[in-house]
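The structure appears right after this line, and notes come after that.
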Amino acid sequence: MRKVLGVTNLLLLLSACPAAAEEPAWSESHIGTTLTFADALKLSQTNLQTLLDRGEMLFTAKFTTLDGAGRPKATQAIVPTKRKRGENASFQRTGGPDASACSGCHNDPIPGAAGEFVANVFASEGFESADFDSIDPQFSSERNTNSMTGSGLIELLAREMTADLQTQRRAALQQARQTGKDVYARLETKGVRFGFITAKPDGILDITKLEGIDTDLVVRPFSQKGVFTSLRQFTVNAMNQHHGIEADERFGARWTGTDDFDEDGKAHELAAGDVSAVALWQATLPPPTVRTDVPSDWQVAAANGERAFADMGCTECHKTSLPLRSLAFSDPGPFDAAGTLRRADVATPINVDLAARPWASGLARNEKGEWLVPLFGDLKRHVIVDEGIATLGNEIMGQRFVERDVFMTAELWGIGSTAPYGHRGDITTLDGVIRAHAGEGRKARDAYVHSDDTTRSHLIAFLKTLVIRK
Amino acid sequence: MRYLSLASLLLISSPALAEEAPAVPLNDIPVMHEEHESAGVSHVYDGPWEYFVGGGGAAFDCNGDRKPDMLLAGGKNPAQLFINESAAGGALKFREGRLDLGKEMEKVAGAYPLDVDGDGHMDVVLLRVGQNVLLKGNGDCTFSVANREWSFDGGSEWTTAFSARWEDGQNVPTMAFGNYVDRKAPGAPWGTCHDNFLFRPQPGDKPSYGEATRLAPGYCALSMMFTDWNNSGEPSLRITNDRQYYRGGEEQLWRVSPKQAPKLYTRSDGWQRVVIWGMGIAEGDLDSDGVPEYALTSMGDTKLQVLDDEADEGSPVYRDIAFERGATAHRPYTGTDHKPSTGWHSEFADFNNDSLLDLFIAKGNVEAMEDFAAFDPDNLLLGQWDGRLAESGAEAGIALPTKGRGALVADFNLDGNLDLAVINRGGPASLFRNAGAKTDSGTIPMGNWLEIELHQKGGNRNAVGAMVNVKIGTRTVNRWVDVGGGHASGHAGWVHVGLGNSERAEIRVKWPDGDWSHPYRVFANQFVIIDRANPVANYWYPE
C-alpha cells in the first residue's frame, strides 16, 4: 500500500529535505514517499514552488535502486513490455537504462536543457530487440538530447493547434453532412499548414492529404520526430527508458496486473503527483532568449543575419514566433490518451499560470493580445532529405509511424547554446547543419550556400544570439 | 501422523469443492448503467414453453448512420425494431420503428443481421417457432419479407440457432438453421430433436435457395456458428445442443467443405463426446494464436475450450480450461441463491478497453426449475493479465433479478465503450450504457480503443469470415467477423478492439478468401474504415 502524506507534513518534509519524505537526510532514496496526484494538486494550490522544487529534485536526482531504478524484466518500450528472457543489466547505453538522472543528459548549459554528443540516446521501439547492445542504426536511432527549456510554451502551442485543427475537422464534417457534398478543407493553424482533408457526407474523412501531422490531428511537439503529445507523456516514457522508474499511470496494476511490472522488487515507483511535479518543473523552465550582451559588430551582423534568415526562406519552417492565446498550463493536458494521466482521469487538474512566471514579461504580444512564442519552429514534420543530400537521413528505422527521413522542425531558440547539431548531434557547426538540410529545406539551404561569405557569416551571428540563459 | 479421511481427501482433491479463491479484478470495472426506460426501449420476450428458449435480437445499422439499431424477438409478443437516436457519447436513446409485416413478426425467437443480397443494406434472418423469415432491408429501417424473392423455404420447425458464411466463390451466403424439438414427433419432447438445415445458394449473383441439406442427426441446437476452428481457411459448423431433450446426442462439429456434402467430425477425427445443456457459443482468441477458444454455456458449468496443443494437427481435440481460468460461472456470484446457474448467451468482448478479452454470459432460470437458481445474475468476467477471468457483474451493475436469454454487445452511443442489451424472458429487456471505469467518485475513461469497419467487393461486402488482427506493442489482438453464435442473437457493424494504453496500432485483415492485407497504421480512439480496394484506412466521425 502506497504511503500518503498530508500536505502539511509534505510541506515540512519537502522543504526540509527534498530527498526523501520520512527518510533521513543521508538516505540513498530520492523519491521517498511518492506523491499522489491529490497531494500534488493541493501543493500546487498552497505552495506551487514546493511542487516545482520537487520536480527539479526528481529531474536532477541520481535515482537508486531504493527509488526503483532499473527494470530487470521490462524493456524500454512505451507500451508496458516484458523482456522475453533474461534480465536487463543495471545500465546499458543502448537499450537502457542509460542514465542515473534526467539531468545526466539534459544539462547543457543548465539542468533541463540539452546535451552534447556524449549524452546521445538510442530511440528504439523496444518491442523486437529489447537487449540490443549495438549502436548499429538497424537497431535504434541515435539521438542528441533535446532541450526542455520553454517546453511549457511549446506544449501550450501544440494544444491550441490541435484544438484548432480538430475544430476545422468538425466544421468540415458538419458542412459535408449538411450539404450532402464532399468538403475539401485546408488545415491551418497559427499560420502553419497541415495539408488537406476531405470530409464526406457520411462522416468519413479522407486523410491521405495530410502533411506533417498524425492522422488523429494531434500536434505532438516533443522529440525530434514530433511524436510525443505532452511533457507528461514524455516524462513517463523517459523515466522508464532511461532510469527504469515506472510510473503507476502506465505500468501499474490497472494496466499490467501488477504494481511491480519491471520486477525489481519496488512497487509503485512513481505516482501521478510526482509525474506532475517533473512535468510542471519542465513546463515552467524559462524559454531561451536572445543575447544582447554582444559587441556592436556582432549586433549589426546578427541583425543582418536575421534578415537574411527570412530572405532565404528559413522562416517558412523555422517560423520566428507562433502566437499563443493563453498561458494557462493545466496538468494533465487535454490530448493525452490512456497510459498517460488524462484530464478526465482527475476531478480537478493542476493549473499553473505561466503568465505569472518571472520570464513571461519578456514575451512580446501581438495586437490581439496573444503571446508571441519565439521558438523559430512550426511544430510540423517535414521531409529533410532528398536524393542529393542525405546527411540527415542517417536513420534506418521509422518511429511511431513517422518515416525515417521525416523530422519535426527543430526549434532554433537556444540553438546558440546547444551544439552539436542535427538529430544525432554529429554536426559540429551551424554552417554544417544548414548545409545538411535537403528535402523541404533544400531551397533555403541552397540560398544559404549560394550566398556570399559575409551573408552566411551574419546568419551564423544571428543564430548564435539565440541562447539559453545560464 | 494423522490420517485424513476419504471424505477430507475428496474435499481437498475435488476441484469442484476445493475451489481456489476467485480472481479479483485489478483492471477497470466498467459501470453499466441500466437505462432501458429512459432510452425508450420497452420490450418483453415472453410466451409458453416454446419460448422458454430463444429470446434474441439483432443489432445492426438499418439506416446508414452507422449507429447500431436493434430488432428484438418477442416470442408471443411481436418483434420490435428500435432505431438508435443516441447522441455520440450521450445517454442511450431509441425510437421504435415500424415493422408492418403482420404475422411474420410474431413467434420470433431470435434474429441475426446478414446482408443476404449484398446490396449494402443489412437484412435480417428471423428465427421463428414456425416458418423462418428473411427480411430484406431497404436501407431506411423498413423491411420486406423476401422468402419468395429469394426462393427460401422457411419451413415450419422450431428454430433456435443460426449461422451463415460465404463459401468459396459464392456471392450469396450459405445459411445454417438449427432446430429444437420436433413437437409433432411421437414421444415429443423427449428424444425428438429435429434435424438442422443447411441452405446453400443456387449458382448466380442473386439469392436463390433451393432445397435444404439436412444436417442429421440434430440434437436440439440452441446455438451454432461457422468457425475456422483450426485456422485452415475453411470454416466448420459448430453446434451446441441441449441434452435436456436429446438421446445419445452430444456437441457437434460439421465439416462444411465447398461443393461437398457436410460431414460430422467423429471420434476417429479426434472429436470427443461432450454432453451439456448447450445454450450459447462464443468464440474468442484468448491467447492470440489465431485459433479460437470457445465458451459454451450450459446449466451449471460453463465450458471454456481450447484446442489441445498435443493433439494431432487437424484434430478437433479440446481441453476445458474453465476451472483454471475461473470461468465456470456455475452458480450465482451474489445473493443467497447458491443453486446451479443457467447460462444462455455468451460473448467475448473487451468491456473495459484494457486489450484483454472479457466474457459476458446471460443467465436466467428456464422458467421455474427448482433445482436451479431462481436469482441468477448475468456474468461479466473481466480478463486478467494472469489469464484468469474475474467476476465483476455486481460491481458493474448488471446483477439484476432477470431471466436473461439473448444479448447484444455493441457500442450504441459510439463513445468507444461497449454497451449491452440483454433480452430477458418474461420481463423488460435491459439496456446498459457503459459509462466508463468505476472510481470512488464516479467514472473515468477506460483504455484506448478502435472500432473497425470492413468493406470488400462482391456479395460478402462486410467481409464475414474475416479475421482482424490488431498489433499493439508485442501483443496481437484478434477478432473474427462472424454471423452466428451467442444465443439467438447477433450483431453486425463495428468490430470493437480495446487497446489498453497503446496510443496507436497496426491493423491487418485476413480477408475471407484467406489473403492478408498490408498493415494499416492507425491512431487510437478512432472509428476506422478499411476498404479492401483502398490502400489507406480512413477515419469516420459520428455526428
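Chain labels A, B, ... are given in the sequence in which chains occur in the C-alpha cells; within each chain residues are numbered consecutively from 1, and ligands are likewise numbered from 1 in the order shown.
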Please check the contacts: residues of chain A at most 7 Å away from chain B, using only C-alpha atoms, listed as a list of chain:residue names.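 Matching residues, ligands excluded from the count: A:Val79, A:Phe127, A:Gly203, A:Ile204, A:Leu205, A:Asp206, A:Ile207, A:Asp216, A:Ala253, A:Arg254, A:Trp255, A:Thr256, A:Gly257, A:Ala337, A:Ala338, A:Gly339, A:Ala344, A:Asp345.
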What's around range 96-110 of chain B at 8 Å? Count only C-alpha atoms, leave out sequence neighbours fewer than 5 positions away in its own chain, and write the answer as an MDAnalysis selection string. chainID B and resid 40:41 51 53:58 72:83 126:130 133 141:145 159:161 487:489
Please produce a file of the residues just selected, as a compact mmCIF listing (two decimals), in the first residue's frame, where the atoms kept are N, CA and C atoms.
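Generated file (out.txt):
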# COMPACT_ATOMS: atom_id res chain seq x y z
N GLY B 40 -36.13 4.60 -24.04
CA GLY B 40 -37.29 4.34 -24.89
C GLY B 40 -37.35 2.93 -25.42
N VAL B 41 -36.71 2.01 -24.72
CA VAL B 41 -36.75 0.61 -25.15
C VAL B 41 -37.66 -0.15 -24.20
N TYR B 51 -41.14 -20.74 -25.87
CA TYR B 51 -40.32 -19.53 -25.70
C TYR B 51 -39.55 -19.54 -24.38
N VAL B 53 -36.89 -21.07 -24.43
CA VAL B 53 -35.60 -20.84 -25.08
C VAL B 53 -35.78 -19.71 -26.09
N GLY B 54 -34.69 -19.34 -26.72
CA GLY B 54 -34.74 -18.20 -27.62
C GLY B 54 -34.78 -16.92 -26.81
N GLY B 55 -35.20 -15.87 -27.45
CA GLY B 55 -35.19 -14.57 -26.79
C GLY B 55 -33.95 -13.81 -27.22
N GLY B 56 -33.84 -13.64 -28.51
CA GLY B 56 -32.64 -12.99 -29.03
C GLY B 56 -32.93 -11.69 -29.73
N GLY B 57 -31.96 -11.22 -30.44
CA GLY B 57 -32.12 -9.97 -31.16
C GLY B 57 -30.96 -9.74 -32.09
N ALA B 58 -31.12 -8.73 -32.91
CA ALA B 58 -30.06 -8.36 -33.85
C ALA B 58 -29.73 -6.89 -33.67
N LEU B 72 -35.61 -6.83 -31.84
CA LEU B 72 -35.67 -7.77 -30.73
C LEU B 72 -36.83 -8.75 -30.90
N ALA B 73 -36.53 -10.02 -30.69
CA ALA B 73 -37.56 -11.05 -30.77
C ALA B 73 -38.49 -10.92 -29.57
N GLY B 74 -39.78 -11.23 -29.81
CA GLY B 74 -40.74 -11.06 -28.72
C GLY B 74 -41.41 -12.33 -28.27
N GLY B 75 -41.19 -13.45 -28.96
CA GLY B 75 -41.91 -14.66 -28.60
C GLY B 75 -43.38 -14.51 -28.93
N LYS B 76 -44.22 -14.59 -27.92
CA LYS B 76 -45.65 -14.41 -28.18
C LYS B 76 -45.96 -12.93 -28.49
N ASN B 77 -45.06 -12.06 -28.09
CA ASN B 77 -45.23 -10.64 -28.42
C ASN B 77 -44.57 -10.36 -29.77
N PRO B 78 -45.01 -9.32 -30.44
CA PRO B 78 -44.38 -9.03 -31.73
C PRO B 78 -42.92 -8.62 -31.56
N ALA B 79 -42.13 -8.95 -32.55
CA ALA B 79 -40.76 -8.43 -32.58
C ALA B 79 -40.83 -6.92 -32.72
N GLN B 80 -39.82 -6.26 -32.17
CA GLN B 80 -39.84 -4.80 -32.23
C GLN B 80 -38.51 -4.29 -32.79
N LEU B 81 -38.64 -3.18 -33.49
CA LEU B 81 -37.46 -2.51 -34.05
C LEU B 81 -37.23 -1.22 -33.27
N PHE B 82 -36.02 -1.02 -32.84
CA PHE B 82 -35.67 0.20 -32.12
C PHE B 82 -34.54 0.91 -32.87
N ILE B 83 -34.86 2.11 -33.30
CA ILE B 83 -33.91 2.89 -34.12
C ILE B 83 -33.10 3.79 -33.19
N LEU B 126 -34.91 -13.99 -39.32
CA LEU B 126 -35.73 -14.20 -38.12
C LEU B 126 -35.89 -15.69 -37.86
N LEU B 127 -35.53 -16.11 -36.67
CA LEU B 127 -35.73 -17.50 -36.25
C LEU B 127 -37.08 -17.56 -35.56
N ARG B 128 -37.90 -18.46 -36.04
CA ARG B 128 -39.27 -18.46 -35.52
C ARG B 128 -39.69 -19.85 -35.07
N VAL B 129 -40.72 -19.84 -34.27
CA VAL B 129 -41.42 -21.08 -33.96
C VAL B 129 -42.44 -21.23 -35.08
N GLY B 130 -42.00 -21.88 -36.13
CA GLY B 130 -42.75 -21.89 -37.37
C GLY B 130 -41.85 -21.45 -38.51
N VAL B 133 -38.04 -16.47 -41.43
CA VAL B 133 -38.29 -15.36 -42.35
C VAL B 133 -36.99 -14.63 -42.65
N CYS B 141 -34.61 1.51 -42.53
CA CYS B 141 -35.24 0.84 -41.40
C CYS B 141 -36.63 0.32 -41.74
N THR B 142 -36.88 0.14 -43.00
CA THR B 142 -38.07 -0.63 -43.40
C THR B 142 -37.58 -1.93 -44.02
N PHE B 143 -38.47 -2.90 -43.97
CA PHE B 143 -38.08 -4.25 -44.42
C PHE B 143 -39.23 -4.87 -45.20
N SER B 144 -38.90 -5.81 -46.00
CA SER B 144 -39.92 -6.61 -46.67
C SER B 144 -39.55 -8.08 -46.54
N VAL B 145 -40.57 -8.90 -46.49
CA VAL B 145 -40.32 -10.34 -46.39
C VAL B 145 -39.82 -10.84 -47.75
N THR B 159 -37.13 -23.10 -34.66
CA THR B 159 -35.73 -22.78 -34.97
C THR B 159 -35.13 -21.92 -33.87
N THR B 160 -33.98 -22.32 -33.44
CA THR B 160 -33.37 -21.67 -32.28
C THR B 160 -31.89 -21.32 -32.49
N ALA B 161 -31.36 -21.63 -33.65
CA ALA B 161 -29.94 -21.33 -33.87
C ALA B 161 -29.73 -20.98 -35.34
N HIS B 487 -26.71 -16.60 -28.17
CA HIS B 487 -27.98 -17.32 -28.05
C HIS B 487 -29.04 -16.54 -28.82
N ALA B 488 -29.31 -17.00 -30.01
CA ALA B 488 -30.37 -16.44 -30.85
C ALA B 488 -30.14 -14.95 -31.15
N SER B 489 -28.91 -14.51 -31.00
CA SER B 489 -28.62 -13.08 -31.11
C SER B 489 -27.31 -12.85 -31.85
Can you pull out every residue within 10 Å of Asp431 in chain A, counting only C-alpha atoms, but drop anything in the same chain fewer than 2 positions away, and send it as a PyMOL selection string? chain A and resi 421+427-429+433-436+448-449+456-457+459-460
How would the residues just picked look written out with N, CA and C atoms as an mmCIF file, in the first residue's frame?
data_model
loop_
_atom_site.group_PDB
_atom_site.id
_atom_site.type_symbol
_atom_site.label_atom_id
_atom_site.label_comp_id
_atom_site.auth_asym_id
_atom_site.auth_seq_id
_atom_site.Cartn_x
_atom_site.Cartn_y
_atom_site.Cartn_z
ATOM 1 N N TYR A 421 24.963 19.731 -33.453
ATOM 2 C CA TYR A 421 23.683 19.907 -34.143
ATOM 3 C C TYR A 421 23.262 18.662 -34.919
ATOM 4 N N ILE A 427 26.985 16.955 -36.028
ATOM 5 C CA ILE A 427 27.434 18.057 -36.881
ATOM 6 C C ILE A 427 27.899 19.159 -35.941
ATOM 7 N N THR A 428 29.124 19.560 -36.090
ATOM 8 C CA THR A 428 29.723 20.414 -35.064
ATOM 9 C C THR A 428 29.435 21.891 -35.260
ATOM 10 N N THR A 429 29.080 22.299 -36.474
ATOM 11 C CA THR A 429 28.875 23.726 -36.707
ATOM 12 C C THR A 429 27.476 24.002 -37.214
ATOM 13 N N VAL A 433 25.219 22.168 -40.281
ATOM 14 C CA VAL A 433 23.843 21.637 -40.204
ATOM 15 C C VAL A 433 22.934 22.332 -41.203
ATOM 16 N N ILE A 434 23.224 23.599 -41.497
ATOM 17 C CA ILE A 434 22.417 24.269 -42.542
ATOM 18 C C ILE A 434 22.668 23.589 -43.892
ATOM 19 N N ARG A 435 23.926 23.318 -44.171
ATOM 20 C CA ARG A 435 24.256 22.663 -45.447
ATOM 21 C C ARG A 435 23.692 21.235 -45.517
ATOM 22 N N ALA A 436 23.380 20.655 -44.371
ATOM 23 C CA ALA A 436 22.825 19.290 -44.362
ATOM 24 C C ALA A 436 21.338 19.261 -44.692
ATOM 25 N N TYR A 448 21.268 29.725 -48.851
ATOM 26 C CA TYR A 448 22.368 29.973 -47.908
ATOM 27 C C TYR A 448 23.706 29.623 -48.550
ATOM 28 N N VAL A 449 23.779 28.480 -49.143
ATOM 29 C CA VAL A 449 25.044 28.011 -49.717
ATOM 30 C C VAL A 449 25.508 28.939 -50.831
ATOM 31 N N ARG A 456 26.486 34.649 -45.085
ATOM 32 C CA ARG A 456 26.474 33.403 -44.307
ATOM 33 C C ARG A 456 27.000 33.634 -42.895
ATOM 34 N N SER A 457 28.045 34.429 -42.820
ATOM 35 C CA SER A 457 28.624 34.716 -41.503
ATOM 36 C C SER A 457 27.615 35.447 -40.631
ATOM 37 N N LEU A 459 24.418 35.340 -40.832
ATOM 38 C CA LEU A 459 23.338 34.437 -40.424
ATOM 39 C C LEU A 459 23.772 33.594 -39.215
ATOM 40 N N ILE A 460 25.020 33.192 -39.252
ATOM 41 C CA ILE A 460 25.539 32.434 -38.099
ATOM 42 C C ILE A 460 25.563 33.333 -36.865
#
If you count only C-alpha atoms, which residues fall within 6 Å of range 108-120 of chain A, apart from same-chain ones fewer than 3 positions away, as a VMD selection string? chain A and resid 103 105 143 to 149 418 425
Let me see the file: selected residues, all heavy atoms, as an mmCIF file, in the first residue's frame.
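Ended up saving to part34.cif:
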data_model
loop_
_atom_site.group_PDB
_atom_site.id
_atom_site.type_symbol
_atom_site.label_atom_id
_atom_site.label_comp_id
_atom_site.auth_asym_id
_atom_site.auth_seq_id
_atom_site.Cartn_x
_atom_site.Cartn_y
_atom_site.Cartn_z
ATOM 1 N N SER A 103 18.971 14.888 -15.592
ATOM 2 C CA SER A 103 19.966 15.925 -15.853
ATOM 3 C C SER A 103 21.317 15.338 -16.222
ATOM 4 O O SER A 103 22.238 16.085 -16.557
ATOM 5 C CB SER A 103 20.110 16.833 -14.629
ATOM 6 O OG SER A 103 20.516 16.054 -13.512
ATOM 7 N N CYS A 105 21.819 13.909 -18.868
ATOM 8 C CA CYS A 105 21.912 14.291 -20.283
ATOM 9 C C CYS A 105 21.424 15.723 -20.498
ATOM 10 O O CYS A 105 22.042 16.503 -21.203
ATOM 11 C CB CYS A 105 21.087 13.339 -21.148
ATOM 12 S SG CYS A 105 21.696 11.638 -21.130
ATOM 13 N N ARG A 143 20.061 9.608 -31.031
ATOM 14 C CA ARG A 143 19.523 10.970 -30.975
ATOM 15 C C ARG A 143 20.260 11.805 -29.939
ATOM 16 O O ARG A 143 20.543 11.336 -28.838
ATOM 17 C CB ARG A 143 18.033 10.933 -30.594
ATOM 18 C CG ARG A 143 17.164 10.175 -31.568
ATOM 19 C CD ARG A 143 16.676 11.079 -32.672
ATOM 20 N NE ARG A 143 15.924 10.292 -33.661
ATOM 21 C CZ ARG A 143 14.666 9.884 -33.463
ATOM 22 N NH1 ARG A 143 14.036 10.212 -32.360
ATOM 23 N NH2 ARG A 143 14.057 9.196 -34.396
ATOM 24 N N ASN A 144 20.459 13.044 -30.325
ATOM 25 C CA ASN A 144 21.048 14.005 -29.408
ATOM 26 C C ASN A 144 19.971 14.496 -28.433
ATOM 27 O O ASN A 144 18.785 14.490 -28.741
ATOM 28 C CB ASN A 144 21.615 15.183 -30.220
ATOM 29 C CG ASN A 144 22.507 16.076 -29.392
ATOM 30 O OD1 ASN A 144 22.426 17.288 -29.472
ATOM 31 N ND2 ASN A 144 23.361 15.481 -28.576
ATOM 32 N N THR A 145 20.409 14.891 -27.243
ATOM 33 C CA THR A 145 19.472 15.309 -26.202
ATOM 34 C C THR A 145 18.860 16.667 -26.521
ATOM 35 O O THR A 145 19.573 17.637 -26.752
ATOM 36 C CB THR A 145 20.200 15.366 -24.850
ATOM 37 O OG1 THR A 145 20.692 14.063 -24.550
ATOM 38 C CG2 THR A 145 19.280 15.831 -23.747
ATOM 39 N N ASN A 146 17.554 16.715 -26.513
ATOM 40 C CA ASN A 146 16.826 17.972 -26.746
ATOM 41 C C ASN A 146 16.776 18.817 -25.482
ATOM 42 O O ASN A 146 16.769 18.277 -24.376
ATOM 43 C CB ASN A 146 15.387 17.674 -27.163
ATOM 44 C CG ASN A 146 15.244 17.516 -28.658
ATOM 45 O OD1 ASN A 146 16.141 17.863 -29.411
ATOM 46 N ND2 ASN A 146 14.120 16.989 -29.079
ATOM 47 N N SER A 147 16.668 20.107 -25.691
ATOM 48 C CA SER A 147 16.465 20.997 -24.547
ATOM 49 C C SER A 147 14.984 21.101 -24.220
ATOM 50 O O SER A 147 14.140 21.156 -25.110
ATOM 51 C CB SER A 147 16.999 22.396 -24.863
ATOM 52 O OG SER A 147 16.674 23.272 -23.799
ATOM 53 N N MET A 148 14.685 21.117 -22.929
ATOM 54 C CA MET A 148 13.293 21.253 -22.493
ATOM 55 C C MET A 148 12.975 22.683 -22.059
ATOM 56 O O MET A 148 11.861 22.948 -21.577
ATOM 57 C CB MET A 148 13.007 20.297 -21.329
ATOM 58 C CG MET A 148 13.365 18.843 -21.604
ATOM 59 S SD MET A 148 12.742 18.221 -23.179
ATOM 60 C CE MET A 148 10.984 18.247 -22.871
ATOM 61 N N THR A 149 13.911 23.582 -22.197
ATOM 62 C CA THR A 149 13.635 24.962 -21.801
ATOM 63 C C THR A 149 12.546 25.547 -22.701
ATOM 64 O O THR A 149 12.590 25.385 -23.919
ATOM 65 C CB THR A 149 14.914 25.820 -21.891
ATOM 66 O OG1 THR A 149 15.481 25.652 -23.194
ATOM 67 C CG2 THR A 149 15.934 25.400 -20.848
ATOM 68 N N THR A 418 23.373 25.038 -27.799
ATOM 69 C CA THR A 418 23.102 23.602 -27.800
ATOM 70 C C THR A 418 23.878 22.823 -28.862
ATOM 71 O O THR A 418 23.378 21.821 -29.389
ATOM 72 C CB THR A 418 21.595 23.326 -27.976
ATOM 73 O OG1 THR A 418 21.172 23.911 -29.204
ATOM 74 C CG2 THR A 418 20.808 23.896 -26.826
ATOM 75 N N GLY A 425 23.306 14.847 -33.355
ATOM 76 C CA GLY A 425 24.329 15.635 -32.686
ATOM 77 C C GLY A 425 25.714 15.386 -33.254
ATOM 78 O O GLY A 425 26.721 15.484 -32.540
#
Which of range 3-183 of chain A DSSP labels alpha helix (DSSP H), written as a PyMOL selection string: chain A and resi 7-16+37-46+48-60+151-179
All residues 10 Å or closer to Asp260 in chain A, only C-alpha atoms, same chain fewer than 2 positions away omitted, as a ChimeraX atom specification: /A:68,71,73,246,248,251-253,256-258,262-269
Near-Val218 in chain A list (9 Å; only C-alpha atoms; drop same-chain fewer than 6 positions) as a PyMOL selection string: chain A and resi 158-159+161-163+165-166+229+335
Residue contacts of range 45-62 of chain A (6 Å, only C-alpha atoms) excluding same-chain residues fewer than 6 positions away, as a PyMOL selection string: chain A and resi 100-103+277-278+281
Write out the residues from the selection above, keeping N, CA, C and O atoms, as a PDB file, in the first residue's frame.
ATOM      1  N   SER A 100      21.504   7.854 -14.752  1.00  0.00           N
ATOM      2  CA  SER A 100      21.042   7.904 -13.368  1.00  0.00           C
ATOM      3  C   SER A 100      20.021   9.013 -13.172  1.00  0.00           C
ATOM      4  O   SER A 100      19.101   8.882 -12.380  1.00  0.00           O
ATOM      5  N   ALA A 101      20.251  10.101 -13.887  1.00  0.00           N
ATOM      6  CA  ALA A 101      19.407  11.278 -13.680  1.00  0.00           C
ATOM      7  C   ALA A 101      18.968  11.848 -15.021  1.00  0.00           C
ATOM      8  O   ALA A 101      19.680  11.718 -16.026  1.00  0.00           O
ATOM      9  N   CYS A 102      17.820  12.500 -15.037  1.00  0.00           N
ATOM     10  CA  CYS A 102      17.394  13.214 -16.247  1.00  0.00           C
ATOM     11  C   CYS A 102      18.451  14.227 -16.633  1.00  0.00           C
ATOM     12  O   CYS A 102      18.805  14.400 -17.804  1.00  0.00           O
ATOM     13  N   SER A 103      18.971  14.888 -15.592  1.00  0.00           N
ATOM     14  CA  SER A 103      19.966  15.925 -15.853  1.00  0.00           C
ATOM     15  C   SER A 103      21.317  15.338 -16.222  1.00  0.00           C
ATOM     16  O   SER A 103      22.238  16.085 -16.557  1.00  0.00           O
ATOM     17  N   ALA A 277       4.906  16.765 -10.897  1.00  0.00           N
ATOM     18  CA  ALA A 277       5.981  17.650 -10.417  1.00  0.00           C
ATOM     19  C   ALA A 277       7.069  17.785 -11.477  1.00  0.00           C
ATOM     20  O   ALA A 277       7.538  18.898 -11.768  1.00  0.00           O
ATOM     21  N   VAL A 278       7.478  16.684 -12.061  1.00  0.00           N
ATOM     22  CA  VAL A 278       8.551  16.731 -13.061  1.00  0.00           C
ATOM     23  C   VAL A 278       8.069  17.444 -14.326  1.00  0.00           C
ATOM     24  O   VAL A 278       8.786  18.279 -14.899  1.00  0.00           O
ATOM     25  N   TRP A 281       7.734  21.184 -13.597  1.00  0.00           N
ATOM     26  CA  TRP A 281       9.028  21.867 -13.499  1.00  0.00           C
ATOM     27  C   TRP A 281       9.583  22.154 -14.897  1.00  0.00           C
ATOM     28  O   TRP A 281      10.063  23.256 -15.164  1.00  0.00           O
TER      29      TRP A 281
END
Which residue out of A:Asn88, A:Thr465, A:Thr75, A:Ser151 has the minimum interatomic distance to Ala302 in chain A when only C-alpha atoms are used? A:Thr465
Work out how far CA of Asp140 in chain B is from CA of Ala407 in chain B, in Å to one decimal.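 Straight-line distance from CA of Ala407 in chain B to CA of Asp140 in chain B works out to 23.8 Å.
From CA of Gly178 in chain B back to CA of Asn241 in chain B, the distance works out to 9.4 Å.
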Which parts of range 341-540 of chain B does DSSP call strand (DSSP E) when run on the backbone here, written out as a PyMOL selection string? chain B and resi 343-349+358-363+379-383+389-391+404-410+419-424+430-439+442-444+448-455+467-472+475-480+490-491+495-500+504-510+520-523+526-531+538-540
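Here CA of Gly90 in chain B is placed at a distance of 8.1 Å from CA of Asp415 in chain B.
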